[in-house]
Amino acid sequence: MSKRDYYEVLGVSKDASKDELKKAYRKLARKYHPDVNKEEDASDKFKEAKEAYEVLGDDQKRAQYDQFGHTGPQGQGFGGGGFGAEDFGGFGDIFDMFFGGGGRRRDPNAPRQGADLQYTMILEFEEAIFGKETDVELPKEETCETCDGSGAKPGTKPKTCTHCNGSGQLNVEQNTPFGRVVNKRVCNHCNGTGKIIPEKCQTCGGDGKVKKRKKIHISIPAGIDDGQQIRISGQGEPGVNGGPAGDLYVVVQVKSHEFYQRDGDHIFCEMPITFAQAALGDEIEIPTVHGKVKLKIPAGTQTGKTFRLKGKGAPNVRGYGHGDQHVKMRVITPTNLSDEQKDLLRELNEISGNESTDENGNSFFQRVKRAFKGE
C-alpha cells in the first residue's frame with residue numbers, strides 16, 4: 001500500500017510553520033494514542049502521524065521530502081525513528097500528557113487561598129420572612145499564633161528540602177516499551193511543600209494551624225428562602241503561605257409552617273368559612289405574617305375561591321418590594337347538627353328546589369341538559 005502524503009496525514013498545508021506542525025501532531029497523538037484509543041486502526045494512525053511529524057519536523061528531512069517524496073534522496077526512504085521521549089522537540093510532551101510528566105507545575109511555596117467552609121442554618125418560617133442577626137460558633141482551623149503559621153519551633157525556621165530542591169516534586173525515570181519516560185511525583189520527604197521542618201512547633205505539631213471554635217456573626221436578610229445561601233468573605237479556612245482565607249457559605253433551611261405555604265415571594269393559605277358565611281357573605285379576619293387584615297367575602301362564595309392580599313407576602317431578598325398573600329376559601333360542611341338545625345336545612349332545601357347552583361346562579365342540572373342538547 002502506498003503511503004499517504006505527510007502533509008495530508010497531519011492535515012496541514014505545505015507551507016505550514018513548525019508550530020502548526022507540532023500543534024497538528026499533538027492533536028492527532030491525543031486522539032490516536034494506543035493508551036487512549038482502543039480502536040483497531042488507532043495504533044496505525046498514531047504511527048503514521050508520528051512518522052509524518054518526524055520527517056516534516058526536521059528541516060533537513062522536510063527539504064528532502066519536498067524534493068524526493070517518500071523515496072528519500074537516495075531511494076532508501078526516511079526510515080522509522082524510535083519512540084524516544086526527546087524526539088523532535090515535542091514528542092516528549094505527548095508522553096507527558098499520558099504519563100503525568102511535563103507541564104507547568106505549581107510552586108509549592110506560592111500563596112494559596114484557604115478552603116471554603118459550609119454551614120447549614122435552620123430558620124423558623126417567620127425568621128426567613130423578616131431576617132435575623134445571630135452568632136454561631138464553628139470549629140475551624142486558625143493560623144497557629146505560636147509559630148505564625150510556619151510550623152517551626154519559635155527561634156527556628158523551615159529549611160529547603162534537599163531531595164526536591166524546594167520544588168515539592170521528584171523526577172522518576174521509567175523504562176517503557178515506548179522508551180524512557182520521566183514522571184514527576186510529589187516529593188515524599190516534604191509531602192510536596194518543598195520544605196523540611198527540623199524542629200516542629202509544639203503547639204501545632206508542625207502544621208502551622210490549630211483547630212478552634214470561632215464565633216462568627218451572621219446577618220440573615222429578610223425574605224431569604226429555603227435552599228438559598230449567604231457568602232461570608234474571609235471566614236473559611238486560613239490561606240497557605242500567606243494566601244487569603246477561604247469563604248464561609250451559610251446554606252439556609254426553612255421550617256414548614258402549619259398555616260402558611262410559600263412560593264418565592266408569595267404566601268398561600270387556606271381559610272375555612274361556614275356554609276352561612278359562604279352563602280350570605282361576611283367580613284372576616286385573615287392572619288398574615290404582617291398582622292391581621294379584614295377581608296370581605298361576597299355572598300355565594302364557593303369552595304376554592306381565592307382572594308389576593310396585595311403586598312402581604314414575603315419581602316424580596318434583593319429589595320424588590322413584597323409578594324402577595326393568596327387566600328383560598330374552604331367551605332366547611334357542618335357536622336353533629338341538632339334536630340332544629342336539621343329541620344332548618346331540610347326547609348331550605350325544599351325552598352331552593354333541591355337544585356344545585358353555581359356562584360352565578362346557574363343551575364347545575366340546567367348545564368347538564370344544555371350539554372346533552374349540544375348548546
# chains A, B, ... in the order shown; residues from 1 in each chain; ligands from 1
call {"tool": "residues_around", "arguments": {"residues": "stretch 193-196 of chain A", "least_positions_apart": "2", "cutoff": "6 Å", "atoms": "only C-alpha atoms", "output": "list in words"}}
result
Pro108, Pro158, Lys159, Thr160, Cys161, Gly166, Ser167, Gly168, Cys190 and Asn191 of chain A
call {"tool": "closest_residue", "arguments": {"among": "A:Leu295, A:Ile267, A:Leu117, A:Ala29", "to": "A:Val251", "atoms": "only C-alpha atoms"}}
result
A:Leu117
call {"tool": "residues_around", "arguments": {"residues": "A:Leu123", "least_positions_apart": "5", "cutoff": "9 Å", "atoms": "only C-alpha atoms", "output": "PyMOL selection string"}}
result
chain A and resi 128+226+252-255
call {"tool": "residues_around", "arguments": {"residues": "stretch 131-145 of chain A", "least_positions_apart": "3", "cutoff": "7 Å", "atoms": "only C-alpha atoms", "output": "list in words"}}
result
Glu127, Ala128, Asp148, Gly149, Cys204, Gly208, Lys209, Val210, Lys211, Lys212, Arg213, Lys214, Lys215, Ile216, His217, Ile218, Ser219, Ile220, Pro221, Ala222, Gly223, Glu237 and Pro238 of chain A
call {"tool": "residues_around", "arguments": {"residues": "A:Gly311", "least_positions_apart": "2", "cutoff": "8 Å", "atoms": "only C-alpha atoms", "output": "list in words"}}
result
Leu309, Gly313, Gly321, His322, Gly323, Asp324 and Gln325 of chain A
call {"tool": "closest_residue", "arguments": {"among": "A:Lys38, A:His189, A:Lys342, A:Lys153", "to": "A:Asn165", "atoms": "only C-alpha atoms"}}
result
A:His189
call {"tool": "select_by_dssp", "arguments": {"residues": "stretch 49-269 of chain A", "states": "strand (DSSP E)", "output": "ChimeraX atom specification"}}
result
/A:117-123,132-143,159-160,169-176,179-186,195-196,209-220,229-232,248-254,261-263,266-269
call {"tool": "select_by_dssp", "arguments": {"residues": "stretch 94-313 of chain A", "states": "alpha helix (DSSP H)", "output": "list in words"}}
result
Ile94, Phe95, Asp96, Met97, Phe98, Phe99, Phe125, Glu126, Glu127, Ala128, Ile129, Phe130, Phe275, Ala276, Gln277, Ala278, Ala279 and Leu280 of chain A
call {"tool": "closest_residue", "arguments": {"among": "A:Asp343, A:Asp58, A:Glu270, A:Glu126", "to": "A:Gly291", "atoms": "only C-alpha atoms"}}
result
A:Glu126
call {"tool": "residues_around", "arguments": {"residues": "stretch 4-10 of chain A", "least_positions_apart": "3", "cutoff": "9 Å", "atoms": "only C-alpha atoms", "output": "number ranges by chain"}}
result
A: 13-14, 16, 21, 24-25, 28, 45, 48-49, 51-53, 55-56, 69-70
call {"tool": "write_last_selection", "arguments": {"atoms": "N, CA, C and O atoms", "output": "compact mmCIF listing (two decimals), in the first residue's frame"}}
result
# COMPACT_ATOMS: atom_id res chain seq x y z
N SER A 13 -1.04 22.54 5.46
CA SER A 13 -0.58 22.93 4.13
C SER A 13 0.93 22.74 4.02
O SER A 13 1.62 22.58 5.02
N LYS A 14 1.46 22.79 2.79
CA LYS A 14 2.89 22.56 2.57
C LYS A 14 3.75 23.71 3.07
O LYS A 14 4.97 23.54 3.21
N ALA A 16 3.18 25.07 6.04
CA ALA A 16 2.88 25.14 7.48
C ALA A 16 4.15 25.40 8.29
O ALA A 16 5.23 24.88 7.97
N LEU A 21 2.82 22.50 12.61
CA LEU A 21 3.08 21.05 12.51
C LEU A 21 2.97 20.39 13.88
O LEU A 21 2.36 19.34 14.05
N ALA A 24 -0.66 20.25 15.09
CA ALA A 24 -1.42 19.22 14.39
C ALA A 24 -1.04 17.83 14.87
O ALA A 24 -1.91 16.96 15.07
N TYR A 25 0.25 17.61 15.10
CA TYR A 25 0.71 16.30 15.56
C TYR A 25 0.20 16.00 16.96
O TYR A 25 -0.26 14.88 17.25
N LEU A 28 -3.40 14.89 16.86
CA LEU A 28 -3.58 13.51 16.39
C LEU A 28 -3.07 12.50 17.41
O LEU A 28 -3.65 11.43 17.59
N LYS A 45 -2.70 4.63 12.93
CA LYS A 45 -2.85 6.07 12.67
C LYS A 45 -1.89 6.88 13.53
O LYS A 45 -1.36 7.91 13.10
N GLU A 48 1.51 6.53 11.93
CA GLU A 48 1.54 7.29 10.68
C GLU A 48 1.75 8.78 10.98
O GLU A 48 2.56 9.45 10.31
N ALA A 49 1.04 9.30 11.97
CA ALA A 49 1.18 10.70 12.34
C ALA A 49 2.57 10.98 12.89
O ALA A 49 3.18 12.01 12.60
N GLU A 51 5.36 9.31 12.22
CA GLU A 51 6.34 9.26 11.11
C GLU A 51 6.30 10.54 10.30
O GLU A 51 7.35 11.10 9.94
N ALA A 52 5.09 11.07 10.05
CA ALA A 52 4.96 12.31 9.28
C ALA A 52 5.60 13.47 10.03
O ALA A 52 6.32 14.28 9.43
N TYR A 53 5.41 13.52 11.33
CA TYR A 53 5.98 14.62 12.10
C TYR A 53 7.49 14.50 12.23
O TYR A 53 8.21 15.50 12.24
N VAL A 55 9.51 13.47 10.05
CA VAL A 55 10.12 13.93 8.81
C VAL A 55 9.92 15.44 8.64
O VAL A 55 10.86 16.20 8.43
N LEU A 56 8.67 15.88 8.75
CA LEU A 56 8.39 17.29 8.50
C LEU A 56 8.87 18.19 9.63
O LEU A 56 9.09 19.39 9.43
N GLY A 69 10.06 13.15 -2.17
CA GLY A 69 8.90 12.40 -1.73
C GLY A 69 9.28 11.30 -0.74
O GLY A 69 10.31 11.37 -0.08
N HIS A 70 8.49 10.25 -0.68
CA HIS A 70 8.70 9.18 0.30
C HIS A 70 9.98 8.37 0.04
O HIS A 70 10.52 7.73 0.94
call {"tool": "closest_residue", "arguments": {"among": "A:Val172, A:Ala314, A:Val331, A:Cys201", "to": "A:Phe130", "atoms": "only C-alpha atoms"}}
result
A:Ala314
call {"tool": "atom_distance", "arguments": {"atom1": "atom CA of A:Cys269", "atom2": "atom CA of A:Val327"}}
result
5.2 Å
